[in-house]
Amino acid sequence: MELLDNPVRPYAWGSRTVIAGLLGQPVPSPHPQAELWLGAHPADPSRIVRPDGERTSLLDALTADPGHLLGDARRSRWHDTLPFLLKVLAADEPLSLQAHPSLEQAAYGFERENAAGIAVDAPDRNYRDPHHKPELICALTEFHALVGFREPVETIALLRALDVPQLAAHVELLAGQPGPDGLRALFTTWITLPQSMLDELVPALQEAAIRLVAAGGDFQAEARTALDLSERYPGDAGVLAALLLNRTTLQPGEALYLPAGNLHAYLSGAGIEIMANSDNVLRGGLTPKHVDVPELLRVLDFTAAPPPVIDGHPEAGWNSYDTPAAEFRLRRWKATEEDAKVAVPDGGPRILLCTAGSAFVRGGDRVVELAKGRALFLGAADTATEVESAAAGTQLFLASDGL
């Protein structure tokens, strides 16, 4: 049962208040803080803080003693690695339009790029490891996202409401084939448009979005999103592609699961994100970073369905967000006067994070106070651990594998 010191990733789209406030640092922070990483990802692992103040990389600790920290069953299943990465994500600006590969696609792509001699850290590299990256986001604040392809009939209605003359033929393309094949055809058309056409279409879309917002009625959120993205990314094909996606709002405690092939972009808000311990991202726009259109098209799932919002279900005092991913499971606990204690489920490596209030964590002969913004690593040998709230409104998240 060890306290963790966790790295902050300062991406430009991050918040100057959310992570700084969580960690008890001055607000606003000097630079945007986008993600707090909790785990053993090789790019930026957490550090174990020993009682004497010594700090050790969690990645190094797992390498040195996998049996004690992972347990025999998890050692074999996850090849002596931590299979999940937990993050606090804080977005003040939209993230890139992106999707993640399946396990088979990732393994094949990784080997193909290795054989081509592309350096793992090269900016034009698609696959930085041979793993897939399913993920789940649970909202801490109201959270806005574009997630998965919208039903074509609804998209046709949106495009007709926008009434952009330059897009009329494109609307009819989808109307003539309102299914996955039509979505693929329209997305491919837009994502491969020459820059000269994008420089005409995106401003025309922007003007149409302004008209639709002023007129009121349906599709207000979609029009405002199109307007915002067109201002931030003028001439970017991703602005058009975003019109094809479901516009979703999560309330605190609600979650979304994003499987392989799901095209998405987080727009704004703070949340707890958990994912397989991978860094494979295929981008489709809204970014100056590398966009590989043929590879993205090989990965995308054009099946249209509303994204299911996951409320979780009660499980031994916790709210559990179950997914098909074996690499991770997220649980949440909110203390009340009637429910001020909860047992921490045993089994494999776990990370316990406090996002509000504070708690006492008891395990064996140790008691650790877990303040807001602090996290504990629990190894497989840390069993019979119990949490007791020490302040009003205490909220904890528990990350583990899904076994």
# chains A, B, ... in the order shown; residues from 1 in each chain; ligands from 1
call {"tool": "residues_around", "arguments": {"residues": "range 385-394 of chain A", "least_positions_apart": "6", "cutoff": "6 Å", "atoms": "only C-alpha atoms", "output": "PDB file with N, CA and C atoms, in the first residue's frame"}}
result
ATOM      1  N   LYS A 334     -18.900   7.171  -3.315  1.00  0.00           N
ATOM      2  CA  LYS A 334     -19.194   8.461  -2.699  1.00  0.00           C
ATOM      3  C   LYS A 334     -19.701   8.204  -1.289  1.00  0.00           C
ATOM      4  N   ALA A 335     -19.001   8.770  -0.311  1.00  0.00           N
ATOM      5  CA  ALA A 335     -19.361   8.546   1.086  1.00  0.00           C
ATOM      6  C   ALA A 335     -20.624   9.305   1.450  1.00  0.00           C
ATOM      7  N   ALA A 340     -20.175   5.412   5.424  1.00  0.00           N
ATOM      8  CA  ALA A 340     -18.897   6.111   5.558  1.00  0.00           C
ATOM      9  C   ALA A 340     -17.711   5.179   5.450  1.00  0.00           C
ATOM     10  N   LYS A 341     -17.966   3.871   5.279  1.00  0.00           N
ATOM     11  CA  LYS A 341     -16.885   2.901   5.147  1.00  0.00           C
ATOM     12  C   LYS A 341     -17.182   1.983   3.969  1.00  0.00           C
ATOM     13  N   VAL A 342     -16.123   1.487   3.346  1.00  0.00           N
ATOM     14  CA  VAL A 342     -16.290   0.520   2.277  1.00  0.00           C
ATOM     15  C   VAL A 342     -15.026  -0.329   2.171  1.00  0.00           C
ATOM     16  N   ALA A 343     -15.209  -1.602   1.870  1.00  0.00           N
ATOM     17  CA  ALA A 343     -14.069  -2.493   1.649  1.00  0.00           C
ATOM     18  C   ALA A 343     -13.572  -2.340   0.216  1.00  0.00           C
ATOM     19  N   VAL A 344     -12.271  -2.387   0.053  1.00  0.00           N
ATOM     20  CA  VAL A 344     -11.672  -2.331  -1.287  1.00  0.00           C
ATOM     21  C   VAL A 344     -11.593  -3.748  -1.836  1.00  0.00           C
ATOM     22  N   ALA A 356     -12.311  13.980  -4.064  1.00  0.00           N
ATOM     23  CA  ALA A 356     -13.022  14.949  -3.216  1.00  0.00           C
ATOM     24  C   ALA A 356     -12.949  14.472  -1.777  1.00  0.00           C
ATOM     25  N   GLY A 357     -12.891  15.430  -0.836  1.00  0.00           N
ATOM     26  CA  GLY A 357     -12.817  15.070   0.574  1.00  0.00           C
ATOM     27  C   GLY A 357     -11.500  14.418   0.921  1.00  0.00           C
ATOM     28  N   SER A 358     -11.542  13.457   1.832  1.00  0.00           N
ATOM     29  CA  SER A 358     -10.357  12.677   2.203  1.00  0.00           C
ATOM     30  C   SER A 358     -10.820  11.407   2.891  1.00  0.00           C
ATOM     31  N   ALA A 359      -9.902  10.452   3.010  1.00  0.00           N
ATOM     32  CA  ALA A 359     -10.264   9.157   3.581  1.00  0.00           C
ATOM     33  C   ALA A 359      -9.066   8.535   4.273  1.00  0.00           C
ATOM     34  N   PHE A 360      -9.363   7.654   5.240  1.00  0.00           N
ATOM     35  CA  PHE A 360      -8.338   6.811   5.848  1.00  0.00           C
ATOM     36  C   PHE A 360      -8.405   5.433   5.191  1.00  0.00           C
ATOM     37  N   VAL A 361      -7.252   4.952   4.746  1.00  0.00           N
ATOM     38  CA  VAL A 361      -7.173   3.644   4.117  1.00  0.00           C
ATOM     39  C   VAL A 361      -6.417   2.723   5.066  1.00  0.00           C
ATOM     40  N   ARG A 362      -7.070   1.627   5.459  1.00  0.00           N
ATOM     41  CA  ARG A 362      -6.477   0.693   6.416  1.00  0.00           C
ATOM     42  C   ARG A 362      -6.219  -0.638   5.727  1.00  0.00           C
ATOM     43  N   GLY A 363      -4.992  -1.121   5.867  1.00  0.00           N
ATOM     44  CA  GLY A 363      -4.634  -2.415   5.316  1.00  0.00           C
ATOM     45  C   GLY A 363      -3.501  -3.008   6.120  1.00  0.00           C
TER      46      GLY A 363
END
call {"tool": "residues_around", "arguments": {"residues": "Ala380 in chain A", "least_positions_apart": "6", "cutoff": "6 Å", "atoms": "only C-alpha atoms", "output": "mmCIF file with C-alpha atoms, in the first residue's frame"}}
result
data_model
loop_
_atom_site.group_PDB
_atom_site.id
_atom_site.type_symbol
_atom_site.label_atom_id
_atom_site.label_comp_id
_atom_site.auth_asym_id
_atom_site.auth_seq_id
_atom_site.Cartn_x
_atom_site.Cartn_y
_atom_site.Cartn_z
ATOM 1 C CA LEU A 69 2.683 -6.568 -6.871
ATOM 2 C CA LEU A 70 0.788 -8.312 -9.675
ATOM 3 C CA GLY A 71 0.164 -11.801 -8.311
ATOM 4 C CA GLY A 347 -7.441 -9.016 -6.663
ATOM 5 C CA GLY A 348 -4.359 -7.957 -8.570
ATOM 6 C CA PRO A 349 -2.844 -4.479 -8.795
#
call {"tool": "residues_around", "arguments": {"residues": "range 94-96 of chain A", "least_positions_apart": "6", "cutoff": "10 Å", "atoms": "only C-alpha atoms", "output": "list in words"}}
result
Tyr11, Ala12, Trp13, Gly14, His144, Ala145, Leu146, Thr225, Asp228, Leu229, Arg232, Gly238, His264, Ala265, Tyr266, Leu267, Ser268, Gly269, Val281, Leu282, Arg283, Gly284, Gly285, Leu286, Thr287, Pro288 and Lys289 of chain A
call {"tool": "closest_residue", "arguments": {"among": "A:Asn126, A:Asn6, A:Gln395, A:Gln195", "to": "Thr355 in chain A", "atoms": "only C-alpha atoms"}}
result
A:Gln395
call {"tool": "residues_around", "arguments": {"residues": "Ala304 in chain A", "least_positions_apart": "3", "cutoff": "10 Å", "atoms": "only C-alpha atoms", "output": "PyMOL selection string"}}
result
chain A and resi 148-152+179-180+183+244-246+262+301+307
call {"tool": "closest_atom_pairs", "arguments": {"of": "range 91-179 of chain A", "to": "range 272-279 of chain A", "cutoff": "6 Å", "atoms": "only C-alpha atoms", "output": "tab-separated table"}}
result
residue	atom	partner	partner_atom	distance
A:His131	CA	A:Ser278	CA	5.9
A:Lys133	CA	A:Ala276	CA	5.0
A:Pro134	CA	A:Met275	CA	5.7
A:Glu135	CA	A:Met275	CA	4.1
A:Leu136	CA	A:Ile274	CA	5.4
A:Ile137	CA	A:Glu273	CA	4.4
A:Cys138	CA	A:Ile272	CA	5.1
call {"tool": "write_last_selection", "arguments": {"atoms": "C-alpha atoms", "output": "mmCIF file, in the first residue's frame"}}
result
data_model
loop_
_atom_site.group_PDB
_atom_site.id
_atom_site.type_symbol
_atom_site.label_atom_id
_atom_site.label_comp_id
_atom_site.auth_asym_id
_atom_site.auth_seq_id
_atom_site.Cartn_x
_atom_site.Cartn_y
_atom_site.Cartn_z
ATOM 1 C CA HIS A 131 -1.692 -3.232 -28.048
ATOM 2 C CA LYS A 133 -6.620 0.955 -26.543
ATOM 3 C CA PRO A 134 -10.248 0.604 -25.495
ATOM 4 C CA GLU A 135 -11.134 3.323 -22.993
ATOM 5 C CA LEU A 136 -13.811 4.587 -20.643
ATOM 6 C CA ILE A 137 -14.436 8.199 -19.580
ATOM 7 C CA CYS A 138 -16.422 8.980 -16.400
#
call {"tool": "closest_residue", "arguments": {"among": "A:Ile310, A:Asp80, A:Glu172, A:Gly317", "to": "Leu256 in chain A", "atoms": "only C-alpha atoms"}}
result
A:Ile310
call {"tool": "residues_around", "arguments": {"residues": "Leu4 in chain A", "least_positions_apart": "6", "cutoff": "7 Å", "atoms": "only C-alpha atoms", "output": "MDAnalysis selection string"}}
result
chainID A and resid 46:49 375:377
call {"tool": "write_last_selection", "arguments": {"atoms": "N, CA and C atoms", "output": "PDB file, in the first residue's frame"}}
result
ATOM      1  N   SER A  46       4.073   6.690 -12.909  1.00  0.00           N
ATOM      2  CA  SER A  46       3.976   7.224 -11.555  1.00  0.00           C
ATOM      3  C   SER A  46       5.189   6.789 -10.743  1.00  0.00           C
ATOM      4  N   ARG A  47       5.403   7.488  -9.634  1.00  0.00           N
ATOM      5  CA  ARG A  47       6.498   7.121  -8.731  1.00  0.00           C
ATOM      6  C   ARG A  47       5.928   6.764  -7.367  1.00  0.00           C
ATOM      7  N   ILE A  48       6.404   5.648  -6.825  1.00  0.00           N
ATOM      8  CA  ILE A  48       6.041   5.249  -5.464  1.00  0.00           C
ATOM      9  C   ILE A  48       6.796   6.119  -4.478  1.00  0.00           C
ATOM     10  N   VAL A  49       6.072   6.663  -3.486  1.00  0.00           N
ATOM     11  CA  VAL A  49       6.681   7.499  -2.451  1.00  0.00           C
ATOM     12  C   VAL A  49       6.787   6.669  -1.183  1.00  0.00           C
ATOM     13  N   ALA A 375      -3.193   9.507  -4.432  1.00  0.00           N
ATOM     14  CA  ALA A 375      -3.518   8.172  -4.923  1.00  0.00           C
ATOM     15  C   ALA A 375      -2.625   7.147  -4.250  1.00  0.00           C
ATOM     16  N   LEU A 376      -3.147   5.928  -4.122  1.00  0.00           N
ATOM     17  CA  LEU A 376      -2.422   4.796  -3.552  1.00  0.00           C
ATOM     18  C   LEU A 376      -2.327   3.675  -4.569  1.00  0.00           C
ATOM     19  N   PHE A 377      -1.191   3.004  -4.585  1.00  0.00           N
ATOM     20  CA  PHE A 377      -1.060   1.769  -5.341  1.00  0.00           C
ATOM     21  C   PHE A 377      -1.226   0.601  -4.384  1.00  0.00           C
TER      22      PHE A 377
END
call {"tool": "select_by_dssp", "arguments": {"residues": "range 80-322 of chain A", "states": "alpha helix (DSSP H)", "output": "PyMOL selection string"}}
result
chain A and resi 103-115+152-162+168-175+180-191+195-215+220-232+237-241+293-299
call {"tool": "residues_around", "arguments": {"residues": "Arg125 in chain A", "least_positions_apart": "4", "cutoff": "9 Å", "atoms": "only C-alpha atoms", "output": "ChimeraX atom specification"}}
result
/A:113,118-121,290
call {"tool": "write_last_selection", "arguments": {"atoms": "C-alpha atoms", "output": "compact mmCIF listing (two decimals), in the first residue's frame"}}
result
# COMPACT_ATOMS: atom_id res chain seq x y z
CA GLU A 113 6.03 -0.04 -39.11
CA ILE A 118 10.00 3.93 -38.67
CA ALA A 119 11.28 5.00 -35.26
CA VAL A 120 8.81 4.38 -32.42
CA ASP A 121 8.93 8.06 -31.44
CA HIS A 290 0.06 13.39 -38.22
call {"tool": "residues_around", "arguments": {"residues": "range 159-161 of chain A", "least_positions_apart": "6", "cutoff": "10 Å", "atoms": "only C-alpha atoms", "output": "count of residues only"}}
result
16
call {"tool": "select_by_dssp", "arguments": {"residues": "range 47-77 of chain A", "states": "strand (DSSP E or B)", "output": "list of chain:residue names"}}
result
A:Arg47, A:Ile48, A:Val49, A:Arg55, A:Thr56, A:Ser57
call {"tool": "write_last_selection", "arguments": {"atoms": "C-alpha atoms", "output": "PDB file, in the first residue's frame"}}
result
ATOM      1  CA  ARG A  47       6.498   7.121  -8.731  1.00  0.00           C
ATOM      2  CA  ILE A  48       6.041   5.249  -5.464  1.00  0.00           C
ATOM      3  CA  VAL A  49       6.681   7.499  -2.451  1.00  0.00           C
ATOM      4  CA  ARG A  55      10.765   7.781  -4.793  1.00  0.00           C
ATOM      5  CA  THR A  56      10.802   4.773  -7.120  1.00  0.00           C
ATOM      6  CA  SER A  57       9.257   4.460 -10.565  1.00  0.00           C
TER       7      SER A  57
END
call {"tool": "atom_distance", "arguments": {"atom1": "CA of Glu111 in chain A", "atom2": "CA of Val299 in chain A"}}
result
16.1 Å
